[in-house]
Amino acid sequence: MPTVTLNDNSELYYEDDWLGSPWAKPEPALLVHGAGESSAAWFGWVPRMAQRFRLLRPDLPGFGRSTVRDDFEWSLANLAVVLNDLLDQLGIESAHIVGAKLGGAIAMQFAAAYPGRTRTLLVCSGPVSPPKLIEASAARSRNWWVETQRQRLGTDASTESIEYWNTLMRAASPQAQRGVLKAASALNLAPALPRITSPTLVITTDRSALQSVESVLDYQRKIPNSRLLVLQSDAYHVAVAKADECVSNVLAFIDEVERAA
């Protein structure tokens, strides 16, 4: 089972996917999942993305098969340190950084803190301030994801997919669930946005319950070398609800950046 031992002696599990020629040396891409999830959140991205990149999909501390210490500091800054530690231990100098929802916020924090390690930044529905929808649901219910799942996945999502995600998120440790909500409640990325120097693509949906297009546009404009893509959907977990469209646009964006370079 692929794991690394972090500096705090906890174990971080990760998936390592490459579907191209076994002798090739592909560019790495680091995929960061959102609150309450695991590396499994990226299943819709693997078939195409892993033919072009070496995909590294960690389970954040306390989620999936990763462990977490009782004294772990639940903050975006420390979660970015965890990702930096992972790249260090795998001997990877830099990677394309992709994040979904809170994972998108972590990805932005990482890009601001480690610009030399960020080839491109791809943000899928990443908030820069506390998401009120999740806060309100968490205040009412320990199983906050059940209340938000339909809004996460959209009205087109099947009953089976809703149940799959509820089951996946229910499996996370209560400690990790509380911790990641703590990190989300203290979210303030505004000062970090101007420090993101990598080419950046921000993806959102036109009817997201998490944040309006106007609010996303407001923060995207603060990232110097960035653009916004709005997909048509009422889901706010665009990386899942519109996985194929996201992958197509991410691949095209990276190709454009590399041609320009």
# chains A, B, ... in the order shown; residues from 1 in each chain; ligands from 1

$ select_by_dssp --residues "segment 43-195 of chain A" --states "strand (DSSP E or B)" --output "number ranges by chain"
A: 53-58, 95-100, 118-124

$ write_last_selection --atoms "N, CA, C and O atoms" --output "CSV table (one decimal), in the first residue's frame"
chain,number,residue,atom,x,y,z
A,53,PHE,N,-0.4,12.3,-17.5
A,53,PHE,CA,0.3,12.6,-16.3
A,53,PHE,C,0.4,11.5,-15.3
A,53,PHE,O,-0.4,10.6,-15.3
A,54,ARG,N,1.4,11.5,-14.5
A,54,ARG,CA,1.5,10.7,-13.3
A,54,ARG,C,0.6,11.3,-12.3
A,54,ARG,O,0.9,12.4,-11.7
A,55,LEU,N,-0.5,10.7,-12.0
A,55,LEU,CA,-1.4,11.2,-11.0
A,55,LEU,C,-1.1,10.8,-9.6
A,55,LEU,O,-1.1,9.6,-9.3
A,56,LEU,N,-0.9,11.7,-8.7
A,56,LEU,CA,-0.7,11.5,-7.3
A,56,LEU,C,-2.0,11.9,-6.6
A,56,LEU,O,-2.3,13.1,-6.7
A,57,ARG,N,-2.7,11.0,-5.9
A,57,ARG,CA,-4.0,11.3,-5.3
A,57,ARG,C,-3.9,10.9,-3.8
A,57,ARG,O,-4.2,9.8,-3.4
A,58,PRO,N,-3.4,11.8,-3.0
A,58,PRO,CA,-3.3,11.5,-1.6
A,58,PRO,C,-4.7,11.5,-0.8
A,58,PRO,O,-5.6,12.3,-1.2
A,95,ALA,N,4.9,20.0,-9.7
A,95,ALA,CA,3.8,19.3,-10.2
A,95,ALA,C,2.7,20.2,-10.6
A,95,ALA,O,2.6,21.4,-10.2
A,96,HIS,N,1.8,19.8,-11.5
A,96,HIS,CA,0.5,20.5,-11.7
A,96,HIS,C,-0.4,20.2,-10.5
A,96,HIS,O,-0.5,19.1,-10.0
A,97,ILE,N,-0.9,21.3,-9.9
A,97,ILE,CA,-1.7,21.1,-8.6
A,97,ILE,C,-3.2,21.3,-8.9
A,97,ILE,O,-3.6,22.4,-9.5
A,98,VAL,N,-4.0,20.3,-8.6
A,98,VAL,CA,-5.4,20.3,-8.9
A,98,VAL,C,-6.1,20.1,-7.6
A,98,VAL,O,-5.8,19.2,-6.8
A,99,GLY,N,-7.2,21.0,-7.3
A,99,GLY,CA,-7.9,20.8,-6.1
A,99,GLY,C,-9.4,21.0,-6.3
A,99,GLY,O,-9.8,21.8,-7.2
A,100,ALA,N,-10.2,20.3,-5.6
A,100,ALA,CA,-11.7,20.4,-5.7
A,100,ALA,C,-12.3,20.9,-4.4
A,100,ALA,O,-11.9,20.3,-3.3
A,118,THR,N,4.8,24.6,-8.2
A,118,THR,CA,3.5,24.6,-8.8
A,118,THR,C,3.6,25.0,-10.3
A,118,THR,O,3.9,26.1,-10.7
A,119,ARG,N,3.5,24.0,-11.2
A,119,ARG,CA,3.6,24.2,-12.6
A,119,ARG,C,2.4,24.9,-13.1
A,119,ARG,O,2.5,25.9,-13.9
A,120,THR,N,1.3,24.4,-12.8
A,120,THR,CA,0.0,25.1,-13.1
A,120,THR,C,-0.9,24.8,-11.9
A,120,THR,O,-0.7,23.9,-11.1
A,121,LEU,N,-1.9,25.7,-11.7
A,121,LEU,CA,-2.9,25.5,-10.7
A,121,LEU,C,-4.3,25.4,-11.3
A,121,LEU,O,-4.7,26.3,-12.1
A,122,LEU,N,-5.0,24.3,-10.9
A,122,LEU,CA,-6.3,24.1,-11.4
A,122,LEU,C,-7.3,24.0,-10.3
A,122,LEU,O,-7.2,23.1,-9.4
A,123,VAL,N,-8.2,24.9,-10.1
A,123,VAL,CA,-9.1,25.0,-9.0
A,123,VAL,C,-10.5,24.7,-9.4
A,123,VAL,O,-11.1,25.4,-10.3
A,124,CYS,N,-11.2,23.7,-8.8
A,124,CYS,CA,-12.5,23.3,-9.2
A,124,CYS,C,-13.4,23.6,-8.0
A,124,CYS,O,-13.4,22.9,-7.0

$ residues_around --residues "Val240 of chain A" --least-positions-apart "5" --cutoff "8 Å" --atoms "only C-alpha atoms" --output "MDAnalysis selection string"
chainID A and resid 41:42 44 153

$ residues_around --residues "Ser226 of chain A" --least-positions-apart "6" --cutoff "8 Å" --atoms "only C-alpha atoms" --output "list of chain:residue names"
A:Pro199, A:Thr200, A:Leu201, A:Val202, A:Gln220

$ closest_residue --among "A:Ser129, A:Ser248, A:Asn78, A:Asn84" --to "Val216 of chain A" --atoms "only C-alpha atoms"
A:Ser129

$ closest_residue --among "A:Asp244, A:Glu93, A:Glu27, A:Asp8" --to "Glu258 of chain A" --atoms "only C-alpha atoms"
A:Glu27

$ closest_residue --among "A:Ser137, A:Ser208, A:Asn166, A:Ser21" --to "Gln149 of chain A" --atoms "only C-alpha atoms"
A:Asn166

$ decode --residues "segment 59-81 of chain A" --atoms "N, CA and C atoms" --output "compact mmCIF listing (two decimals), in the first residue's frame"
# COMPACT_ATOMS: atom_id res chain seq x y z
N ASP A 59 -4.81 10.70 0.18
CA ASP A 59 -5.88 10.84 1.17
C ASP A 59 -5.38 11.84 2.20
N LEU A 60 -6.07 12.96 2.36
CA LEU A 60 -5.65 13.94 3.35
C LEU A 60 -5.65 13.32 4.75
N PRO A 61 -4.89 13.86 5.69
CA PRO A 61 -4.79 13.27 7.03
C PRO A 61 -6.15 12.95 7.65
N GLY A 62 -6.30 11.70 8.08
CA GLY A 62 -7.54 11.26 8.73
C GLY A 62 -8.62 10.82 7.79
N PHE A 63 -8.41 10.96 6.48
CA PHE A 63 -9.41 10.55 5.49
C PHE A 63 -8.90 9.35 4.70
N GLY A 64 -9.83 8.56 4.16
CA GLY A 64 -9.43 7.38 3.41
C GLY A 64 -8.58 6.46 4.29
N ARG A 65 -7.38 6.15 3.81
CA ARG A 65 -6.49 5.25 4.55
C ARG A 65 -5.33 5.98 5.22
N SER A 66 -5.40 7.30 5.29
CA SER A 66 -4.36 8.07 5.97
C SER A 66 -4.68 8.20 7.46
N THR A 67 -3.64 8.22 8.27
CA THR A 67 -3.81 8.42 9.71
C THR A 67 -3.62 9.89 10.04
N VAL A 68 -3.97 10.26 11.27
CA VAL A 68 -3.78 11.64 11.71
C VAL A 68 -3.51 11.64 13.21
N ARG A 69 -2.61 12.48 13.63
CA ARG A 69 -2.29 12.60 15.06
C ARG A 69 -3.36 13.44 15.77
N ASP A 70 -3.51 13.19 17.06
CA ASP A 70 -4.48 13.95 17.85
C ASP A 70 -4.13 15.43 17.89
N ASP A 71 -2.82 15.74 17.80
CA ASP A 71 -2.41 17.14 17.90
C ASP A 71 -2.18 17.78 16.53
N PHE A 72 -2.73 17.18 15.48
CA PHE A 72 -2.57 17.74 14.14
C PHE A 72 -3.18 19.14 14.07
N GLU A 73 -2.46 20.07 13.44
CA GLU A 73 -2.95 21.43 13.29
C GLU A 73 -3.85 21.53 12.05
N TRP A 74 -5.14 21.73 12.29
CA TRP A 74 -6.09 21.79 11.18
C TRP A 74 -6.17 23.21 10.63
N SER A 75 -5.32 23.47 9.66
CA SER A 75 -5.32 24.76 8.98
C SER A 75 -4.92 24.53 7.54
N LEU A 76 -5.30 25.47 6.66
CA LEU A 76 -4.91 25.34 5.26
C LEU A 76 -3.39 25.35 5.11
N ALA A 77 -2.74 26.19 5.90
CA ALA A 77 -1.28 26.28 5.81
C ALA A 77 -0.63 24.95 6.13
N ASN A 78 -1.13 24.28 7.17
CA ASN A 78 -0.51 23.00 7.56
C ASN A 78 -0.86 21.90 6.57
N LEU A 79 -2.05 21.93 5.99
CA LEU A 79 -2.40 20.94 4.97
C LEU A 79 -1.53 21.12 3.72
N ALA A 80 -1.18 22.37 3.41
CA ALA A 80 -0.25 22.61 2.31
C ALA A 80 1.13 22.07 2.64
N VAL A 81 1.53 22.18 3.90
CA VAL A 81 2.81 21.61 4.34
C VAL A 81 2.82 20.09 4.14
